[in-house]
Every structure is written in structure tokens, then in C-alpha cells.
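Just my_file.cif here, mmCIF, C-alpha atoms:
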```
data_structure
loop_
_atom_site.group_PDB
_atom_site.id
_atom_site.type_symbol
_atom_site.label_atom_id
_atom_site.label_comp_id
_atom_site.auth_asym_id
_atom_site.auth_seq_id
_atom_site.Cartn_x
_atom_site.Cartn_y
_atom_site.Cartn_z
ATOM 1 C CA MET A 1 105.292 231.430 -8.027
ATOM 2 C CA ASP A 2 107.134 228.297 -6.901
ATOM 3 C CA LYS A 3 107.581 229.898 -3.514
ATOM 4 C CA VAL A 4 103.841 230.490 -3.180
ATOM 5 C CA ILE A 5 103.073 226.870 -4.081
ATOM 6 C CA GLU A 6 105.728 225.666 -1.681
ATOM 7 C CA PHE A 7 104.222 227.843 1.048
ATOM 8 C CA LEU A 8 100.693 226.579 0.376
ATOM 9 C CA ASN A 9 101.940 222.992 0.402
ATOM 10 C CA MET A 10 103.150 223.410 4.021
ATOM 11 C CA GLY A 11 105.730 220.647 3.669
ATOM 12 C CA GLY A 12 103.000 218.123 2.797
ATOM 13 C CA TYR A 13 100.783 219.101 5.746
ATOM 14 C CA ALA A 14 98.546 221.464 3.743
ATOM 15 C CA LEU A 15 95.293 219.677 4.660
ATOM 16 C CA TYR A 16 96.014 219.810 8.384
ATOM 17 C CA VAL A 17 97.443 223.333 8.586
ATOM 18 C CA TRP A 18 94.851 224.971 6.283
ATOM 19 C CA GLY A 19 92.065 222.803 7.704
ATOM 20 C CA SER A 20 92.838 224.255 11.142
ATOM 21 C CA PHE A 21 93.470 227.857 10.141
ATOM 22 C CA GLY A 22 90.595 227.808 7.648
ATOM 23 C CA MET A 23 87.967 226.695 10.165
ATOM 24 C CA THR A 24 89.286 229.201 12.729
ATOM 25 C CA ALA A 25 89.138 232.057 10.189
ATOM 26 C CA LEU A 26 85.659 231.012 9.023
ATOM 27 C CA LEU A 27 84.164 231.019 12.531
ATOM 28 C CA MET A 28 85.988 234.157 13.671
ATOM 29 C CA LEU A 29 84.639 236.037 10.640
ATOM 30 C CA ALA A 30 81.128 234.573 10.819
ATOM 31 C CA GLU A 31 80.498 235.380 14.496
ATOM 32 C CA PRO A 32 81.046 239.178 14.256
ATOM 33 C CA LEU A 33 78.984 239.332 11.026
ATOM 34 C CA LEU A 34 76.089 237.461 12.642
ATOM 35 C CA LEU A 35 76.277 239.766 15.664
ATOM 36 C CA ARG A 36 76.181 242.852 13.450
ATOM 37 C CA ALA A 37 73.117 241.515 11.652
ATOM 38 C CA ARG A 38 71.422 240.772 14.985
ATOM 39 C CA HIS A 39 72.168 244.274 16.306
ATOM 40 C CA ARG A 40 70.753 245.954 13.174
ATOM 41 C CA GLU A 41 67.657 243.753 13.256
ATOM 42 C CA ILE A 42 66.827 244.783 16.844
ATOM 43 C CA LEU A 43 67.292 248.486 16.083
ATOM 44 C CA ARG A 44 65.034 248.110 13.037
ATOM 45 C CA ARG A 45 62.373 246.359 15.126
ATOM 46 C CA VAL A 46 62.452 249.037 17.833
ATOM 47 C CA ALA A 47 62.220 251.775 15.192
ATOM 48 C CA ARG A 48 59.210 250.044 13.603
ATOM 49 C CA ILE A 49 57.369 249.825 16.929
ATOM 50 C CA ALA A 50 58.129 253.495 17.642
ATOM 51 C CA ARG A 51 56.787 254.479 14.217
ATOM 52 C CA MET A 52 53.576 252.496 14.773
ATOM 53 C CA ASN A 53 53.044 254.185 18.148
ATOM 54 C CA ASN A 54 53.536 257.621 16.597
ATOM 55 C CA GLU A 55 50.990 256.879 13.886
ATOM 56 C CA GLU A 56 48.439 255.756 16.459
ATOM 57 C CA ARG A 57 48.849 258.999 18.343
ATOM 58 C CA THR A 58 48.297 261.250 15.331
ATOM 59 C CA MET B 1 76.797 255.038 49.882
ATOM 60 C CA ASN B 2 79.978 256.823 48.832
ATOM 61 C CA ALA B 3 80.767 258.255 45.426
ATOM 62 C CA SER B 4 82.893 255.391 44.088
ATOM 63 C CA THR B 5 80.328 252.653 44.744
ATOM 64 C CA LEU B 6 77.681 254.901 43.260
ATOM 65 C CA ARG B 7 79.710 255.199 40.076
ATOM 66 C CA LEU B 8 80.140 251.415 39.989
ATOM 67 C CA PHE B 9 76.387 250.985 40.085
ATOM 68 C CA THR B 10 75.708 253.539 37.374
ATOM 69 C CA PHE B 11 78.024 251.641 35.034
ATOM 70 C CA ALA B 12 76.206 248.450 35.970
ATOM 71 C CA ALA B 13 73.014 249.992 34.569
ATOM 72 C CA PRO B 14 72.352 248.517 31.099
ATOM 73 C CA SER B 15 71.976 251.984 29.507
ATOM 74 C CA ARG B 16 75.396 253.096 30.763
ATOM 75 C CA PHE B 17 76.939 249.763 29.796
ATOM 76 C CA TYR B 18 75.529 250.213 26.306
ATOM 77 C CA ALA B 19 77.037 253.689 25.958
ATOM 78 C CA LEU B 20 80.413 252.713 27.438
ATOM 79 C CA THR B 21 80.862 249.657 25.209
ATOM 80 C CA GLY B 22 79.970 251.739 22.148
ATOM 81 C CA TRP B 23 83.512 253.079 21.994
ATOM 82 C CA LEU B 24 85.232 250.141 23.733
ATOM 83 C CA ILE B 25 84.260 247.588 21.054
ATOM 84 C CA PRO B 26 85.985 249.364 18.101
ATOM 85 C CA VAL B 27 89.175 249.623 20.210
ATOM 86 C CA CYS B 28 89.020 245.852 20.799
ATOM 87 C CA TRP B 29 88.565 245.207 17.057
ATOM 88 C CA VAL B 30 91.649 247.283 16.219
ATOM 89 C CA ALA B 31 93.623 245.311 18.827
ATOM 90 C CA THR B 32 92.271 242.015 17.426
ATOM 91 C CA LEU B 33 93.371 242.881 13.879
ATOM 92 C CA ALA B 34 96.794 244.135 14.979
ATOM 93 C CA PHE B 35 97.610 241.138 17.186
ATOM 94 C CA THR B 36 96.307 238.426 14.863
ATOM 95 C CA ALA B 37 98.028 239.989 11.826
ATOM 96 C CA ALA B 38 101.318 240.150 13.732
ATOM 97 C CA GLY B 39 100.785 236.643 15.122
ATOM 98 C CA LEU B 40 100.011 235.130 11.711
ATOM 99 C CA TYR B 41 103.024 236.841 10.125
ATOM 100 C CA MET B 42 105.325 235.554 12.848
ATOM 101 C CA GLY B 43 103.666 232.140 12.876
ATOM 102 C CA PHE B 44 104.149 231.543 9.150
ATOM 103 C CA PHE B 45 107.204 233.605 8.200
ATOM 104 C CA VAL B 46 109.373 234.127 11.296
ATOM 105 C CA ALA B 47 108.974 230.953 13.357
ATOM 106 C CA PRO B 48 111.236 228.212 11.956
ATOM 107 C CA THR B 49 110.105 224.759 10.813
ATOM 108 C CA ASP B 50 109.985 222.252 13.666
ATOM 109 C CA ALA B 51 112.656 219.557 13.563
ATOM 110 C CA THR B 52 110.340 216.631 14.339
ATOM 111 C CA GLN B 53 106.852 217.789 13.258
ATOM 112 C CA GLY B 54 107.718 219.826 10.165
ATOM 113 C CA GLU B 55 105.160 222.499 9.247
ATOM 114 C CA ALA B 56 102.268 220.722 11.008
ATOM 115 C CA TYR B 57 103.367 222.167 14.347
ATOM 116 C CA ARG B 58 102.222 225.658 13.194
ATOM 117 C CA ILE B 59 98.712 224.629 14.260
ATOM 118 C CA ILE B 60 99.930 225.303 17.808
ATOM 119 C CA PHE B 61 99.603 229.065 17.191
ATOM 120 C CA ILE B 62 95.819 228.796 17.093
ATOM 121 C CA HIS B 63 95.274 225.540 18.986
ATOM 122 C CA VAL B 64 96.797 226.633 22.289
ATOM 123 C CA PRO B 65 95.275 230.170 22.363
ATOM 124 C CA ALA B 66 91.846 228.687 21.464
ATOM 125 C CA ALA B 67 92.177 226.099 24.240
ATOM 126 C CA TRP B 68 93.205 228.791 26.745
ATOM 127 C CA MET B 69 90.238 230.970 25.759
ATOM 128 C CA SER B 70 87.850 228.022 26.072
ATOM 129 C CA MET B 71 88.869 227.548 29.715
ATOM 130 C CA VAL B 72 89.287 231.207 30.713
ATOM 131 C CA LEU B 73 85.964 232.234 29.146
ATOM 132 C CA TYR B 74 84.211 229.445 31.038
ATOM 133 C CA LEU B 75 85.561 230.714 34.351
ATOM 134 C CA VAL B 76 84.678 234.322 33.483
ATOM 135 C CA MET B 77 81.182 233.191 32.460
ATOM 136 C CA ALA B 78 80.717 231.223 35.691
ATOM 137 C CA PHE B 79 81.984 234.237 37.688
ATOM 138 C CA TRP B 80 79.503 236.697 36.162
ATOM 139 C CA ALA B 81 76.679 234.157 36.331
ATOM 140 C CA GLY B 82 77.505 233.706 40.044
ATOM 141 C CA VAL B 83 77.639 237.487 40.653
ATOM 142 C CA GLY B 84 74.312 237.889 38.859
ATOM 143 C CA TRP B 85 72.761 235.180 41.007
ATOM 144 C CA ALA B 86 74.230 236.292 44.359
ATOM 145 C CA PHE B 87 73.596 240.043 44.006
ATOM 146 C CA ASN B 88 70.613 239.882 41.660
ATOM 147 C CA ALA B 89 72.609 241.977 39.186
ATOM 148 C CA ARG B 90 70.931 241.938 35.773
ATOM 149 C CA MET B 91 73.950 243.175 33.866
ATOM 150 C CA ALA B 92 76.192 240.406 35.262
ATOM 151 C CA SER B 93 73.733 237.695 34.181
ATOM 152 C CA MET B 94 73.447 239.232 30.725
ATOM 153 C CA LEU B 95 77.241 239.250 30.445
ATOM 154 C CA ALA B 96 77.368 235.542 31.342
ATOM 155 C CA ARG B 97 74.841 234.788 28.590
ATOM 156 C CA ALA B 98 76.876 236.876 26.160
ATOM 157 C CA ILE B 99 80.107 234.967 26.872
ATOM 158 C CA ALA B 100 78.721 231.435 26.377
ATOM 159 C CA PRO B 101 78.527 231.254 22.531
ATOM 160 C CA THR B 102 82.043 232.672 22.072
ATOM 161 C CA GLY B 103 83.378 230.245 24.686
ATOM 162 C CA ALA B 104 81.640 227.343 22.958
ATOM 163 C CA MET B 105 83.139 228.440 19.633
ATOM 164 C CA PHE B 106 86.677 228.456 21.034
ATOM 165 C CA THR B 107 86.104 225.053 22.659
ATOM 166 C CA PHE B 108 84.989 223.694 19.300
ATOM 167 C CA LEU B 109 88.047 225.263 17.628
ATOM 168 C CA ALA B 110 90.382 223.762 20.242
ATOM 169 C CA LEU B 111 88.902 220.308 19.512
ATOM 170 C CA TRP B 112 88.859 220.849 15.733
ATOM 171 C CA THR B 113 92.442 222.135 15.459
ATOM 172 C CA GLY B 114 93.493 219.424 17.898
ATOM 173 C CA ALA B 115 92.035 216.764 15.606
ATOM 174 C CA PHE B 116 93.783 218.292 12.586
ATOM 175 C CA TRP B 117 97.027 218.277 14.544
ATOM 176 C CA GLY B 118 96.520 214.812 16.018
ATOM 177 C CA LYS B 119 95.991 213.119 12.654
ATOM 178 C CA PRO B 120 99.491 213.835 11.236
ATOM 179 C CA THR B 121 101.349 213.538 14.565
ATOM 180 C CA TRP B 122 99.511 210.760 16.449
ATOM 181 C CA GLY B 123 97.936 209.093 13.421
ATOM 182 C CA THR B 124 94.380 209.597 14.671
ATOM 183 C CA TRP B 125 91.753 212.363 14.636
ATOM 184 C CA TRP B 126 90.414 211.467 18.042
ATOM 185 C CA VAL B 127 91.234 209.345 21.117
ATOM 186 C CA TRP B 128 89.298 209.031 24.382
ATOM 187 C CA ASP B 129 92.226 210.521 26.219
ATOM 188 C CA ALA B 130 91.778 212.467 29.500
ATOM 189 C CA ARG B 131 92.611 215.888 27.993
ATOM 190 C CA LEU B 132 90.434 215.444 24.913
ATOM 191 C CA THR B 133 87.503 213.964 26.795
ATOM 192 C CA THR B 134 87.422 216.693 29.475
ATOM 193 C CA GLU B 135 87.616 219.380 26.757
ATOM 194 C CA LEU B 136 84.658 217.704 25.014
ATOM 195 C CA ILE B 137 82.758 217.822 28.330
ATOM 196 C CA LEU B 138 83.522 221.569 28.451
ATOM 197 C CA LEU B 139 81.813 221.980 25.063
ATOM 198 C CA PHE B 140 78.754 220.126 26.397
ATOM 199 C CA LEU B 141 78.727 222.364 29.495
ATOM 200 C CA TYR B 142 78.662 225.484 27.302
ATOM 201 C CA LEU B 143 75.913 224.030 25.105
ATOM 202 C CA GLY B 144 73.993 222.888 28.204
ATOM 203 C CA TYR B 145 74.208 226.389 29.706
ATOM 204 C CA ILE B 146 72.993 228.027 26.475
ATOM 205 C CA ALA B 147 70.119 225.539 26.110
ATOM 206 C CA LEU B 148 69.114 225.882 29.777
ATOM 207 C CA VAL B 149 68.946 229.695 29.938
ATOM 208 C CA ASN B 150 66.987 229.760 26.678
ATOM 209 C CA ALA B 151 64.573 227.013 27.744
ATOM 210 C CA ILE B 152 63.202 228.864 30.798
ATOM 211 C CA ASP B 153 60.870 231.770 30.008
ATOM 212 C CA ASP B 154 61.157 233.554 33.365
ATOM 213 C CA MET B 155 64.367 235.573 32.866
ATOM 214 C CA ARG B 156 65.450 235.604 36.525
ATOM 215 C CA ARG B 157 64.846 231.899 37.061
ATOM 216 C CA ALA B 158 66.668 231.126 33.821
ATOM 217 C CA ASP B 159 69.685 233.150 34.974
ATOM 218 C CA GLN B 160 69.666 231.390 38.361
ATOM 219 C CA ALA B 161 69.468 227.910 36.861
ATOM 220 C CA GLY B 162 72.203 228.824 34.382
ATOM 221 C CA ALA B 163 74.426 230.158 37.169
ATOM 222 C CA LEU B 164 74.057 226.906 39.103
ATOM 223 C CA LEU B 165 75.060 224.853 36.056
ATOM 224 C CA ALA B 166 77.962 227.193 35.206
ATOM 225 C CA LEU B 167 79.342 227.168 38.763
ATOM 226 C CA VAL B 168 79.061 223.394 39.253
ATOM 227 C CA GLY B 169 80.597 222.836 35.805
ATOM 228 C CA SER B 170 83.589 225.057 36.579
ATOM 229 C CA VAL B 171 85.068 222.120 38.530
ATOM 230 C CA ASN B 172 85.854 220.674 35.093
ATOM 231 C CA VAL B 173 88.299 223.470 34.189
ATOM 232 C CA PRO B 174 91.127 222.540 36.617
ATOM 233 C CA ILE B 175 90.575 218.894 35.628
ATOM 234 C CA ILE B 176 91.204 219.822 31.968
ATOM 235 C CA TYR B 177 94.272 221.840 32.894
ATOM 236 C CA PHE B 178 95.889 219.191 35.107
ATOM 237 C CA SER B 179 94.676 216.166 33.115
ATOM 238 C CA VAL B 180 98.015 215.873 31.311
ATOM 239 C CA LYS B 181 99.762 215.716 34.689
ATOM 240 C CA TRP B 182 97.348 213.481 36.596
ATOM 241 C CA TRP B 183 96.853 210.836 33.944
ATOM 242 C CA ASN B 184 99.050 209.232 31.360
ATOM 243 C CA THR B 185 97.782 210.880 28.228
ATOM 244 C CA LEU B 186 98.692 210.948 24.581
ATOM 245 C CA HIS B 187 98.384 214.719 24.721
ATOM 246 C CA GLN B 188 101.642 216.533 25.437
ATOM 247 C CA GLY B 189 102.188 218.475 28.678
ATOM 248 C CA ALA B 190 101.487 222.169 29.200
ATOM 249 C CA SER B 191 103.276 224.401 26.669
ATOM 250 C CA VAL B 192 103.714 227.166 29.199
ATOM 251 C CA LYS B 193 104.142 226.130 32.798
ATOM 252 C CA VAL B 194 102.676 228.276 35.549
ATOM 253 C CA GLY B 195 104.941 228.984 38.514
ATOM 254 C CA GLY B 196 108.573 228.461 37.610
ATOM 255 C CA GLY B 197 110.144 225.927 35.283
ATOM 256 C CA GLY B 198 109.624 228.244 32.321
ATOM 257 C CA SER B 199 108.440 227.025 28.993
ATOM 258 C CA SER B 200 109.222 223.890 27.010
ATOM 259 C CA MET B 201 109.425 225.721 23.688
ATOM 260 C CA ALA B 202 111.668 228.095 21.751
ATOM 261 C CA ALA B 203 111.353 231.830 22.449
ATOM 262 C CA THR B 204 110.050 232.778 18.977
ATOM 263 C CA MET B 205 107.306 230.170 19.118
ATOM 264 C CA LEU B 206 106.324 231.216 22.631
ATOM 265 C CA ILE B 207 106.136 234.934 21.744
ATOM 266 C CA THR B 208 104.079 234.162 18.616
ATOM 267 C CA MET B 209 101.666 232.068 20.645
ATOM 268 C CA LEU B 210 101.282 234.809 23.258
ATOM 269 C CA ILE B 211 100.617 237.439 20.564
ATOM 270 C CA MET B 212 97.922 235.207 19.060
ATOM 271 C CA ALA B 213 96.479 234.712 22.542
ATOM 272 C CA LEU B 214 96.252 238.510 22.980
ATOM 273 C CA GLY B 215 94.454 238.730 19.642
ATOM 274 C CA PHE B 216 91.983 236.049 20.736
ATOM 275 C CA TRP B 217 91.459 237.904 24.023
ATOM 276 C CA ALA B 218 90.647 241.155 22.219
ATOM 277 C CA TYR B 219 88.338 239.223 19.864
ATOM 278 C CA SER B 220 86.529 237.596 22.795
ATOM 279 C CA ILE B 221 85.996 240.939 24.548
ATOM 280 C CA ALA B 222 84.720 242.559 21.331
ATOM 281 C CA THR B 223 82.258 239.759 20.508
ATOM 282 C CA THR B 224 80.949 239.242 24.044
ATOM 283 C CA LEU B 225 80.389 242.987 24.541
ATOM 284 C CA SER B 226 78.650 243.164 21.142
ATOM 285 C CA ARG B 227 76.401 240.264 22.102
ATOM 286 C CA ALA B 228 75.715 241.830 25.518
ATOM 287 C CA ARG B 229 74.562 244.994 23.705
ATOM 288 C CA CYS B 230 72.151 242.921 21.605
ATOM 289 C CA ILE B 231 70.787 241.203 24.721
ATOM 290 C CA ILE B 232 70.320 244.586 26.451
ATOM 291 C CA LEU B 233 68.363 246.006 23.506
ATOM 292 C CA GLU B 234 66.198 242.895 23.256
ATOM 293 C CA ARG B 235 65.339 242.987 26.951
ATOM 294 C CA GLU B 236 64.871 246.733 27.270
ATOM 295 C CA ARG B 237 63.224 247.431 23.918
ATOM 296 C CA ASN B 238 60.210 248.997 25.638
ATOM 297 C CA SER B 239 62.236 251.384 27.808
ATOM 298 C CA THR B 240 62.502 255.112 27.146
ATOM 299 C CA TRP B 241 66.277 255.159 26.628
ATOM 300 C CA VAL B 242 66.172 252.512 23.882
ATOM 301 C CA ARG B 243 63.425 254.429 22.090
ATOM 302 C CA GLU B 244 65.422 257.648 22.367
ATOM 303 C CA LEU B 245 68.503 255.846 21.090
ATOM 304 C CA VAL B 246 66.679 254.690 17.962
ATOM 305 C CA GLU B 247 65.115 258.120 17.396
ATOM 306 C CA ASN B 248 68.513 259.838 17.692
ATOM 307 C CA ARG B 249 69.976 257.383 15.182
ATOM 308 C CA ARG B 250 67.317 258.253 12.639
ATOM 309 C CA GLY B 251 68.228 261.893 13.235
#
```

Translate this structure into C-alpha cells?
Amino acid sequence: MDKVIEFLNMGGYALYVWGSFGMTALLMLAEPLLLRARHREILRRVARIARMNNEERT
Amino acid sequence: MNASTLRLFTFAAPSRFYALTGWLIPVCWVATLAFTAAGLYMGFFVAPTDATQGEAYRIIFIHVPAAWMSMVLYLVMAFWAGVGWAFNARMASMLARAIAPTGAMFTFLALWTGAFWGKPTWGTWWVWDARLTTELILLFLYLGYIALVNAIDDMRRADQAGALLALVGSVNVPIIYFSVKWWNTLHQGASVKVGGGGSSMAATMLITMLIMALGFWAYSIATTLSRARCIILERERNSTWVRELVENRRG
């Protein structure tokens, strides 16, 4: 346990080290998730338009 | 037209690009996870504490790769924007658009991690130093490019205007790189010197930084290709192949 706390403390530089790595991790996780949501949204929209066209035809 | 150029052009077609990147992107994600996991392990548990900077120096393992990506991605973006403009190649222009947000993100991260490193070592979050200022200009160039291509409705004219901005702005990249040499700056010199002279850092630190850089490369390829796929679908949503794609997905 002491070792974990010592590690997290980063020799007194915790704010700077975790501030840097934290922001990097946050953005590098957020970007792929936003892209996945965007991709799904487009596919949904295209599917909806295709469905509407099919209904018009029948 | 011979067979090899023909093949080049078929891959340049958005539908082929979409299919090809479908299996390339997962490969890039596996590489991203492997390299960043290895890099983080080495960065925190293998690399020793720095004699003068203590643990704060560990920021280098993300700061330098992020700064490299910010510059490299700008040049790659300007290249594809230029190709799209010169040869009227749609796919190249779409690729340039896809690179910009990821490049802007890495530029922001280079500035952010730099500030968090500067505070404990220089005693300040920010100075109007040549390296920092030119990197800030790079962020504005990315944001300017994104705003410009989205502000013009005519797709081709937007791509042309964006290409002009990207190409003119690329003059800033060598200025960023050599700023620490040309001017007296607070920022330290290049960590890895190109063309002889070797590196100014210990082998373990250098290897860790390079592994992280590979991870960031794989990440950049994965995200830009993913974004390019989104742009393709948005632009070609009325085409037959996109409709077939969606119908096949529904099964």
C-alpha cells in the first residue's frame, strides 16, 4: 500500500505528472469514442433514408 | 494506362478506401494498445528517476511524441491537401480534412504537457518563448484550416482554400523545429538530433520515448482513417454502394 501511495505521489510532482498523463489519456480515449458515435449515426441515417424510400415504393 | 497505375486509382476510389481501411483500422488499434502499454510500463517502472528533475521528467514520454505528431501530422495534412488540389483527387482532400482534428489535439497536448512540465522545472506555465509561440501558431493553423474548410459550402472550393492555407502554413513547421537552435530559448534543445551527434539522453529513456511515439503514430493512423470513413459516408450517402453497405449490415 505504501508503495502505491509513493508511486502516486511521484516524488512530489503528482499534480504535474498526472495532470499531463491524465489530459492525454482523456483526449486519446474521447476522440475514438466520438468517432465511433459519429460513424454509427451516419449508418443509422442512411438506413433510415433507405427504409423511407422502400416504403414509398410499396 | 498500365495495370499498376490502374490499381492505384481503384484504391483512391472512396468505396475501395472504405473497404481497405475496414481491416486496417483494427490492426492499428492493436498496435496502439501494445506500444502505449509497453511505453507506459517502461516510462514508469523501468526508466530511472532523473538526477536533476526527479519524477517530473517522466512527462517527456508523452510531451515529445505529442510534439512530434503535431508537426508530422501537419506536414502530412498539407501534403494530402496539396495532392487533392493539384490532381483534383477527392480522396486526398478528404484525408487532409480527416487529419486536422487529430493534429490539433496533439498540438494542444504538446502545449498542455509542456505547461505542466514547465511549471515545476522553469517555475512558469507559459513564456512567450520562440518554441512555445511557434507551437501555439501551429494550433491556430490547424483550427484555421478546420474552420475554413467547414465555412465554405462548395466542397471543391473549400478543399482548395484549405489546401492553400495548409501549404502556406507548413513554413511554420521547420521554424518550430529549429527555433531552439536559431533563438536563445528557455526550451531545451532537440532530444533526438537528426543527422549525427546522436541523442542527448540515456538509452532507456530514448527507447521508451520512441516506443510511445510508435504508439502515437498507430493511434493517429487509426483515428484519421476512422474519420476519413465518416467523411466518405457523409459525402456519398446517396450513392449505390453506401446503400448496399447499409443493407448488407442489416442482413

Taking the file as shown, what set of residues would the PyMOL selection byres ((chain A) within 10 of (chain B)) give back, as a PyMOL selection string?
-> chain A and resi 7+9-24+27-28+31-32+34-36+38-51

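Counting from atom CA of Ala92 of chain B, the distance to atom CA of Gly162 of chain B is 12.3 Å.
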
Which residues match the PyMOL selection byres ((chain B and resi 18-24) around 8) in the file above, as a list in words?
-> Pro14, Ser15, Arg16, Phe17, Ile25, Pro26, Val27, Cys28, Ala222, Leu225, Ser226, Arg229 and Ile232 of chain B

Which residues fall under the PyMOL selection byres ((chain B and resi 170) around 12) in this file, as a ChimeraX atom specification?
-> /B:70-79,81-82,134,137-138,141-142,145,163-169,171-177

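Atom CA of Phe35 of chain B to atom CA of Arg131 of chain B spans 27.9 Å [interatomic distance, one decimal].
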
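For the pair atom CA of Met42 of chain B and atom CA of Thr208 of chain B, the separation is 6.1 Å.
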
Go ahead and fit an axis-aligned box to every listed atom of segment 75-78 of chain B plus 3 Å each side, and pass me the centre and edge lengths in Å, one decimal, as lines of an AutoDock Vina configuration file.
```
center_x = 83.1
center_y = 232.5
center_z = 34.1
size_x = 10.8
size_y = 9.6
size_z = 9.2
```
